[in-house]
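Source file: entry-v2.txt (compact mmCIF, C-alpha atoms)
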```txt
# COMPACT_ATOMS: atom_id res chain seq x y z
CA MET A 73 117.72 -38.71 329.03
CA HIS A 74 118.77 -36.60 331.99
CA PRO A 75 116.36 -34.05 333.52
CA HIS A 76 118.57 -31.21 332.30
CA ASP A 77 117.50 -32.07 328.77
CA LEU A 78 114.20 -30.40 329.60
CA GLY A 79 115.84 -27.22 330.88
CA ASP A 80 113.59 -25.34 333.29
CA ASP A 81 110.58 -26.99 331.65
CA ARG A 82 110.96 -30.33 333.46
CA PRO A 83 108.08 -32.34 333.53
CA ALA A 84 95.37 -33.27 331.47
CA ALA A 85 90.76 -33.93 327.66
CA PRO A 86 89.64 -36.18 324.80
CA PRO A 87 87.76 -39.35 325.69
CA ALA A 88 89.73 -42.19 327.20
CA THR A 89 89.25 -44.22 324.05
CA ALA A 90 91.79 -42.13 322.15
CA THR A 91 95.00 -44.01 321.41
CA ALA A 92 98.50 -42.85 320.63
CA SER A 93 98.55 -44.64 317.33
CA ALA A 94 95.12 -43.61 316.04
CA PRO A 95 95.45 -42.52 312.41
CA VAL A 96 94.34 -39.06 311.36
CA SER A 97 92.35 -39.25 308.14
CA VAL A 98 91.88 -36.14 306.03
CA PRO A 99 88.46 -35.59 304.51
CA ALA A 100 88.61 -35.93 300.72
CA SER A 101 86.87 -32.58 300.35
CA VAL A 102 89.77 -30.72 301.92
CA PRO A 103 92.18 -29.36 299.31
CA ALA A 104 95.88 -30.04 299.62
CA SER A 105 96.70 -26.40 300.32
CA VAL A 106 94.47 -23.45 301.05
CA PRO A 107 96.70 -20.42 301.66
CA VAL A 108 95.23 -17.80 303.95
CA SER A 109 96.66 -14.68 305.49
CA ALA A 110 95.59 -15.38 309.07
CA PRO A 111 94.46 -18.30 311.23
CA ALA A 112 90.90 -19.43 310.69
CA SER A 113 88.23 -18.38 313.14
CA GLY A 114 88.73 -20.21 316.42
CA ALA A 115 92.31 -21.16 315.61
CA PRO A 116 95.00 -20.62 318.24
CA ASP A 117 97.43 -17.75 318.07
CA ALA A 118 100.01 -18.55 315.39
CA PRO A 119 103.61 -19.06 316.55
CA SER A 120 105.85 -16.07 315.96
CA ASP A 121 107.91 -17.81 313.24
CA THR A 122 104.91 -18.93 311.20
CA ALA A 123 104.43 -17.71 307.63
CA ALA A 124 100.79 -18.77 307.14
CA VAL A 125 98.15 -21.29 308.06
CA THR A 126 97.79 -23.52 305.02
CA ARG A 127 94.99 -25.85 306.02
CA THR A 128 92.64 -26.42 308.91
CA PHE A 129 90.48 -29.52 309.24
CA ASP A 130 88.66 -31.59 311.81
CA ALA A 131 90.15 -35.06 312.08
CA PRO A 132 87.65 -37.93 312.34
CA GLY A 133 88.40 -40.18 315.26
CA LEU A 134 90.01 -37.43 317.34
CA HIS A 135 86.75 -36.05 318.69
CA GLY A 136 86.87 -32.46 317.51
CA VAL A 137 90.64 -31.94 317.56
CA THR A 138 91.53 -29.48 314.80
CA PHE A 139 94.88 -29.31 313.02
CA HIS A 140 96.32 -26.09 311.61
CA GLU A 141 99.03 -26.69 309.03
CA VAL A 142 101.66 -23.96 308.89
CA ARG A 143 104.92 -23.33 307.12
CA ALA A 144 107.29 -22.28 309.87
CA GLY A 145 110.29 -20.02 309.41
CA SER A 146 112.64 -22.06 311.62
CA ILE A 147 112.69 -25.36 313.49
CA LEU A 148 115.86 -25.46 315.62
CA GLU A 149 115.43 -23.46 318.82
CA ARG A 150 117.81 -22.86 321.69
CA LEU A 151 116.72 -24.81 324.77
CA PRO A 152 115.46 -22.26 327.32
CA GLY A 153 117.15 -22.57 330.69
CA ALA A 154 119.55 -25.37 329.71
CA ARG A 155 121.92 -25.75 332.63
CA ARG A 156 124.78 -27.72 331.17
CA ALA A 157 125.42 -27.10 327.48
CA PRO A 158 124.68 -23.65 326.01
CA LEU A 159 124.45 -25.12 322.49
CA GLU A 160 121.60 -27.50 323.30
CA ARG A 161 118.62 -27.03 321.01
CA VAL A 162 115.08 -28.31 320.65
CA VAL A 163 112.88 -29.38 317.75
CA ASN A 164 109.10 -29.14 318.13
CA PRO A 165 107.28 -30.13 314.92
CA TYR A 166 103.92 -29.72 316.67
CA LEU A 167 102.51 -27.05 318.97
CA GLY A 168 99.74 -28.21 321.23
CA CYS A 169 99.18 -31.85 322.14
CA SER A 170 96.15 -34.12 322.02
CA HIS A 171 97.56 -36.19 324.88
CA ALA A 172 95.68 -33.63 326.99
CA CYS A 173 97.68 -34.09 330.22
CA GLY A 174 96.08 -31.87 332.85
CA TYR A 175 99.37 -30.89 334.49
CA CYS A 176 101.35 -30.12 331.31
CA PHE A 177 103.67 -27.11 331.71
CA ALA A 178 103.56 -26.50 327.94
CA ARG A 179 100.04 -25.14 328.22
CA THR A 180 101.68 -21.89 329.30
CA THR A 181 104.33 -21.81 326.56
CA ARG A 182 102.45 -22.54 323.34
CA HIS A 183 101.60 -19.46 321.26
CA ARG A 184 101.15 -17.06 324.13
CA PRO A 185 104.18 -16.86 326.48
CA GLY A 186 103.31 -15.00 329.66
CA ARG A 187 99.59 -14.96 328.85
CA GLY A 188 98.48 -17.91 330.94
CA ALA A 189 97.53 -21.46 330.01
CA ALA A 190 96.10 -21.98 326.54
CA PRO A 191 92.55 -23.35 326.94
CA ASP A 192 92.72 -24.92 323.48
CA PHE A 193 96.10 -26.59 323.96
CA ASP A 194 94.78 -30.11 323.42
CA SER A 195 92.12 -29.36 320.79
CA GLN A 196 93.89 -26.97 318.38
CA ILE A 197 97.16 -28.49 317.14
CA VAL A 198 99.59 -26.53 314.99
CA VAL A 199 101.60 -28.70 312.59
CA LYS A 200 104.85 -27.40 311.10
CA VAL A 201 104.45 -29.24 307.83
CA ASN A 202 107.85 -28.09 306.53
CA ALA A 203 109.73 -29.26 309.65
CA VAL A 204 111.91 -31.79 307.81
CA GLU A 205 113.02 -29.49 305.00
CA LEU A 206 113.72 -26.74 307.54
CA LEU A 207 115.80 -29.05 309.70
CA ARG A 208 117.87 -30.24 306.75
CA ARG A 209 118.48 -26.66 305.72
CA GLU A 210 119.44 -25.55 309.24
CA LEU A 211 121.77 -28.52 309.67
CA ALA A 212 123.47 -27.91 306.31
CA GLY A 213 126.17 -25.72 307.85
CA PRO A 214 128.79 -26.73 310.42
CA VAL A 215 127.17 -28.58 313.31
CA PRO A 216 128.43 -27.28 316.68
CA VAL A 217 130.30 -29.84 318.76
CA GLY A 218 128.11 -30.86 321.67
CA GLY A 219 125.04 -29.39 320.01
CA HIS A 220 122.57 -31.84 321.49
CA VAL A 221 118.99 -31.65 320.15
CA ALA A 222 116.05 -32.48 322.42
CA LEU A 223 112.82 -33.79 320.88
CA GLY A 224 109.67 -33.62 323.00
CA THR A 225 110.21 -30.61 325.25
CA ARG A 226 107.06 -28.54 324.64
CA THR A 227 104.85 -31.14 323.03
CA ASP A 228 104.99 -34.86 322.36
CA CYS A 229 106.46 -35.61 318.93
CA TYR A 230 104.64 -38.96 318.92
CA GLN A 231 101.15 -37.70 319.68
CA GLN A 232 98.24 -38.92 317.53
CA ALA A 233 98.88 -36.44 314.71
CA GLU A 234 102.24 -38.05 313.94
CA ALA A 235 100.48 -41.18 312.69
CA HIS A 236 99.23 -39.10 309.75
CA TYR A 237 101.89 -36.42 309.22
CA ARG A 238 104.92 -38.70 309.66
CA LEU A 239 107.33 -35.86 310.39
CA MET A 240 109.54 -37.80 312.80
CA PRO A 241 111.08 -40.26 310.30
CA GLY A 242 112.48 -37.34 308.29
CA ILE A 243 113.64 -35.56 311.44
CA LEU A 244 115.42 -38.63 312.79
CA ALA A 245 117.01 -39.32 309.40
CA ALA A 246 118.28 -35.74 309.12
CA LEU A 247 119.82 -35.84 312.59
CA GLY A 248 121.34 -39.26 311.97
CA GLU A 249 122.88 -38.26 308.63
CA ARG A 250 124.61 -35.31 310.30
CA ALA A 251 125.63 -37.38 313.36
CA VAL A 252 123.87 -34.94 315.69
CA PRO A 253 123.36 -36.28 319.23
CA PHE A 254 119.74 -36.12 320.27
CA SER A 255 117.21 -37.33 322.83
CA VAL A 256 113.54 -38.26 322.59
CA LEU A 257 111.04 -38.06 325.42
CA THR A 258 107.56 -39.42 324.77
CA LYS A 259 104.40 -40.96 326.15
CA GLY A 260 103.57 -42.27 322.67
CA THR A 261 104.05 -45.89 321.64
CA LEU A 262 104.22 -44.78 318.00
CA ILE A 263 107.97 -44.37 318.52
CA LEU A 264 108.28 -48.11 317.83
CA ARG A 265 107.50 -47.39 314.17
CA ASP A 266 110.87 -45.61 313.91
CA LEU A 267 113.08 -48.23 315.57
CA GLY A 268 115.25 -48.69 312.50
CA LEU A 269 115.95 -44.97 312.18
CA LEU A 270 116.80 -44.71 315.87
CA ARG A 271 119.24 -47.59 315.61
CA ARG A 272 120.95 -46.09 312.56
CA ALA A 273 121.23 -42.68 314.22
CA ALA A 274 122.72 -44.30 317.32
CA ASP A 275 125.51 -45.77 315.20
CA ALA A 276 126.70 -42.25 314.41
CA ALA A 277 126.01 -40.23 317.56
CA ARG A 278 124.76 -40.44 321.10
CA VAL A 279 121.01 -41.06 321.18
CA GLY A 280 118.90 -40.93 324.33
CA VAL A 281 115.37 -42.29 324.60
CA CYS A 282 112.96 -42.04 327.53
CA VAL A 283 109.32 -42.92 327.96
CA SER A 284 107.38 -40.97 330.55
CA VAL A 285 105.53 -43.04 333.17
CA GLY A 286 104.75 -41.28 336.43
CA SER A 287 102.61 -44.02 337.93
CA LEU A 288 100.87 -47.29 337.09
CA ASP A 289 97.66 -46.09 338.76
CA THR A 290 95.01 -46.45 336.04
CA GLY A 291 92.69 -44.02 337.81
CA LEU A 292 95.28 -41.25 337.68
CA TRP A 293 96.07 -42.11 334.07
CA ARG A 294 92.44 -41.86 332.94
CA ALA A 295 91.90 -38.63 334.87
CA LEU A 296 95.09 -36.74 334.04
CA GLU A 297 96.49 -38.29 330.83
CA PRO A 298 93.35 -39.27 328.89
CA GLY A 299 94.84 -39.00 325.40
CA THR A 300 97.87 -41.18 326.07
CA PRO A 301 98.45 -44.93 325.82
CA PRO A 302 98.10 -46.75 329.17
CA PRO A 303 101.26 -46.75 331.32
CA ALA A 304 101.67 -50.50 330.84
CA GLU A 305 101.79 -50.05 327.05
CA ARG A 306 104.45 -47.36 327.40
CA LEU A 307 106.56 -49.79 329.42
CA GLU A 308 106.02 -52.41 326.71
CA ALA A 309 107.43 -49.84 324.26
CA CYS A 310 110.42 -49.37 326.57
CA ALA A 311 111.00 -53.13 326.55
CA ALA A 312 110.72 -53.30 322.76
CA LEU A 313 113.15 -50.42 322.28
CA THR A 314 115.75 -51.94 324.58
CA ALA A 315 115.34 -55.40 323.04
CA ALA A 316 115.91 -53.88 319.60
CA GLY A 317 119.19 -52.32 320.69
CA VAL A 318 117.96 -48.83 321.59
CA PRO A 319 118.30 -48.68 325.39
CA CYS A 320 115.42 -46.76 326.91
CA GLY A 321 115.00 -45.10 330.27
CA VAL A 322 111.87 -44.16 332.19
CA LEU A 323 111.21 -40.60 333.22
CA MET A 324 108.97 -41.10 336.23
CA ALA A 325 107.09 -37.89 335.72
CA PRO A 326 105.27 -36.40 337.22
CA VAL A 327 105.05 -37.94 340.65
CA ILE A 328 101.71 -36.57 341.90
CA PRO A 329 101.86 -35.67 345.62
CA PHE A 330 99.42 -37.53 347.88
CA LEU A 331 97.97 -39.45 344.91
CA GLY A 332 100.92 -41.13 343.19
CA ASP A 333 103.65 -41.00 345.82
CA SER A 334 102.82 -43.85 348.20
CA PRO A 335 105.73 -46.17 349.01
CA ALA A 336 103.82 -49.10 347.50
CA GLY A 337 102.99 -47.13 344.34
CA LEU A 338 106.57 -45.96 343.87
CA ARG A 339 107.85 -49.50 344.28
CA GLU A 340 105.31 -50.88 341.82
CA THR A 341 106.29 -48.37 339.15
CA VAL A 342 110.05 -48.80 339.58
CA ARG A 343 109.75 -52.59 339.60
CA ALA A 344 107.69 -52.52 336.40
CA ALA A 345 110.21 -50.20 334.75
CA ALA A 346 113.06 -52.53 335.69
CA GLU A 347 111.15 -55.55 334.38
CA ALA A 348 110.67 -53.65 331.10
CA GLY A 349 114.44 -53.32 330.79
CA ALA A 350 114.64 -49.61 331.58
CA VAL A 351 118.27 -48.57 331.84
CA SER A 352 117.39 -45.76 334.23
CA VAL A 353 114.49 -44.40 336.27
CA THR A 354 114.47 -40.66 336.91
CA PRO A 355 111.73 -39.15 339.09
CA LEU A 356 110.37 -35.63 338.71
CA VAL A 357 107.80 -34.24 341.10
CA LEU A 358 104.73 -32.40 339.78
CA HIS A 359 105.28 -28.67 339.30
CA LEU A 360 102.44 -26.21 338.87
CA ARG A 361 103.13 -22.99 337.02
CA PRO A 362 100.65 -20.11 336.99
CA GLY A 363 97.85 -21.00 334.60
CA VAL A 364 98.39 -24.74 334.91
CA ARG A 365 98.15 -24.46 338.70
CA GLU A 366 94.63 -23.03 338.49
CA ARG A 367 93.53 -25.74 336.07
CA PHE A 368 94.96 -28.54 338.21
CA THR A 369 93.50 -27.04 341.39
CA ALA A 370 90.05 -26.93 339.80
CA TRP A 371 90.36 -30.64 338.96
CA LEU A 372 91.59 -31.37 342.48
CA SER A 373 88.71 -29.43 344.03
CA GLU A 374 86.21 -31.51 342.08
CA HIS A 375 87.73 -34.94 342.53
CA HIS A 376 89.88 -34.73 345.69
CA PRO A 377 88.68 -31.68 347.67
CA ARG A 378 90.27 -32.89 350.89
CA LEU A 379 93.69 -32.53 349.26
CA VAL A 380 93.33 -28.86 348.32
CA PRO A 381 94.63 -27.51 351.66
CA ARG A 382 97.56 -29.93 351.55
CA TYR A 383 98.49 -28.74 348.05
CA GLU A 384 98.19 -25.11 349.09
CA ALA A 385 100.64 -25.80 351.91
CA LEU A 386 103.03 -27.89 349.81
CA TYR A 387 103.17 -25.37 346.94
CA ALA A 388 103.01 -22.24 349.10
CA GLY A 389 106.53 -21.34 348.01
CA GLY A 390 105.79 -21.27 344.28
CA SER A 391 105.50 -23.58 341.30
CA TYR A 392 107.72 -26.35 342.68
CA ALA A 393 107.28 -28.61 345.67
CA PRO A 394 109.76 -27.82 348.46
CA THR A 395 113.26 -29.22 348.25
CA TRP A 396 112.76 -31.57 351.19
CA TYR A 397 109.83 -33.26 349.43
CA GLN A 398 111.62 -33.53 346.09
CA ARG A 399 114.67 -35.03 347.80
CA ARG A 400 112.50 -37.54 349.64
CA ILE A 401 110.89 -38.76 346.41
CA THR A 402 114.15 -38.77 344.45
CA GLY A 403 115.98 -40.62 347.21
CA LYS A 404 113.29 -43.27 347.52
CA VAL A 405 113.03 -43.86 343.76
CA HIS A 406 116.79 -44.08 343.34
CA GLU A 407 116.96 -46.51 346.26
CA LEU A 408 114.31 -48.68 344.63
CA ALA A 409 115.97 -48.40 341.22
CA ASP A 410 119.26 -49.60 342.67
CA GLU A 411 117.42 -52.47 344.36
CA TYR A 412 115.90 -53.55 341.04
CA GLY A 413 119.06 -53.02 339.01
CA CYS A 414 118.28 -49.88 337.05
CA GLY A 415 119.53 -47.15 339.37
CA PRO A 416 122.21 -44.46 339.20
CA ARG A 417 125.00 -46.78 340.36
CA ARG A 418 124.41 -49.16 337.45
CA ARG A 419 124.17 -46.24 335.00
CA GLU A 420 127.49 -44.72 336.12
CA ALA A 421 129.21 -48.11 336.01
CA GLY A 422 128.02 -48.96 332.51
CA ARG A 423 127.95 -45.64 330.64
CA PRO A 424 128.62 -46.50 326.99
CA ALA A 425 130.88 -44.69 324.60
CA ARG A 426 129.85 -42.12 321.99
CA GLY A 427 128.02 -43.58 319.03
CA ARG A 428 125.92 -45.97 321.13
CA ALA A 429 122.29 -45.55 322.03
CA THR A 430 122.09 -44.51 325.67
CA VAL A 431 120.24 -42.55 328.28
CA ALA A 432 122.46 -39.81 329.60
```
Show me the file's structure as C-alpha cells.
Amino acid sequence: MHPHDLGDDRPAAPPATATASAPVSVPASVPASVPVSAPASGAPDAPSDTAAVTRTFDAPGLHGVTFHEVRAGSILERLPGARRAPLERVVNPYLGCSHACGYCFARTTRHRPGRGAAPDFDSQIVVKVNAVELLRRELAGPVPVGGHVALGTRTDCYQQAEAHYRLMPGILAALGERAVPFSVLTKGTLILRDLGLLRRAADAARVGVCVSVGSLDTGLWRALEPGTPPPAERLEACAALTAAGVPCGVLMAPVIPFLGDSPAGLRETVRAAAEAGAVSVTPLVLHLRPGVRERFTAWLSEHHPRLVPRYEALYAGGSYAPTWYQRRITGKVHELADEYGCGPRRREAGRPARGRATVA
C-alpha cells in the first residue's frame, strides 16, 4: 500500500488486556432486530447515510464498548483527497474503532465532520450490518477501470467487532468476484482468518496489504494503542501473510517525534519488519489535526510534560510536522530499509504484474 491510498487522511482507551481477536458475544436477551427511529440515548450521531439503528448492546469482554447496528444506504465512498486516481473509493463497514489509538485522525471524521474529535470514538461503534449486500449491489454495474478500493481508511476493518460480525469475508469475496483491485491497512491480526479469500482475490486483481507498526516500543504501544495486538504480533501476521503468498508491507505509522524516532528505535523497527518478510516499509510521521491535537497534548502533558514545548515548536505550522523533519525520518527509514532488503529500490526492481498480490 502506498501512502496515497489514505488520501489526505494519512496515518489512543480500553484496558491493555483487550485483544484484536477477542470475540464479541451477544447477550441472549437481545432480540435479533429492534427497529427504532433514532439512536438510543448515549449513542453517537448516526452517519448521514444511515436508515436506522437496529440494535444496541454492550459486548461482554470489551469493557463497556457499545455497538450500534445500522442499515446504511451506501458503502462505496469516494476517497477524499486522493492524489493519483480520481476513481479511488473506500469501504468502511465500521465507524468508530475499539483499537482506541490516541492519535487517530479518524476521531475528527466519524459522524461529526468539522465538529471536533468524537469523545466516544472508541466506545460507541457503529456497524453497517448490510455492508456486504450493499457492496454487491453497488458493484453490480460496470466497474470503472482503475477503480481501486481502500479498506481501513477511517477505521480498522479488523478491529475486535469483526470477530463477531464477520463482514470482511463477504466484502473480500465481492471484490474478488468482480476483480476489483483493493488494499487493506490494519493493526489487527484477525486478517489471517481471511488468507484464502485474499489469495483468491489476488489471482484476479491487484491486492495490497499493509500492517501498521510505528514502533516496537512496548511502552508507547500500551499508552497510545491499548486496544491493538502488540507490534510483534502484527509483524508475525505480516510474516504469515507473505509466507502464504500474500506479500505484505509495513506502514511505519505513526513515527512519534521525540518518543519513537531515535536512530536505534527506527533501526530496530525496520530490521524487525525485514525479518518478518515485509516487502516494503513506508514511514509516516505523526500528524495532529484540531481535536486530536488537544487530546494528544493532554496525554503528553501528563506523561511527558518536558516535551510539550518541543511539540508546540515542531507543530507550530499546523497539523503536520515540518517538511525538513518528515524528510529526515523518511530518508533514514528508506536508507535502513534498503540496507535490510525491503526498501524502495527492491520494490521498484521487483514490482509484479497485475493479478498478483502486491504492495503498491
Which polymer residues have any atom within 7 Å of an atom of stretch 395-412 of chain A, counting only C-alpha atoms, with same-chain residues fewer than 5 positions away left out, as number ranges by chain?
A: 338-339, 342-343, 346, 353, 355, 357, 417
In terms of the shortest atom-to-atom distance over all atoms listed in the file, which of A:Ala273, A:Ala385, A:Met324, A:Cys169 is closest to A:Thr354?
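For A:Thr354, the nearest of the candidates is A:Met324.
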Using only C-alpha atoms, which residue out of A:Ser195, A:Ser334, A:Asn202, A:Gln232 lies closest to A:Ser287?
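Counting only C-alpha atoms, the residue closest to A:Ser287 is A:Ser334.
Picture a line from atom CA of A:Asp192 to atom CA of A:His171; it runs 12.3 Å.
Atom CA of A:Glu347 lies 23.3 Å from atom CA of A:Leu331.
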Considering only C-alpha atoms, return as JSON, numbers by chain whatever protein or nucleic-acid residues lie within 9 Å of A:Ser170, sequence-local ones (same chain, fewer than 5 positions apart) excluded.
{"A": [85, 86, 134, 137, 193, 194, 195, 196, 197, 228, 231, 232, 233, 299, 300]}
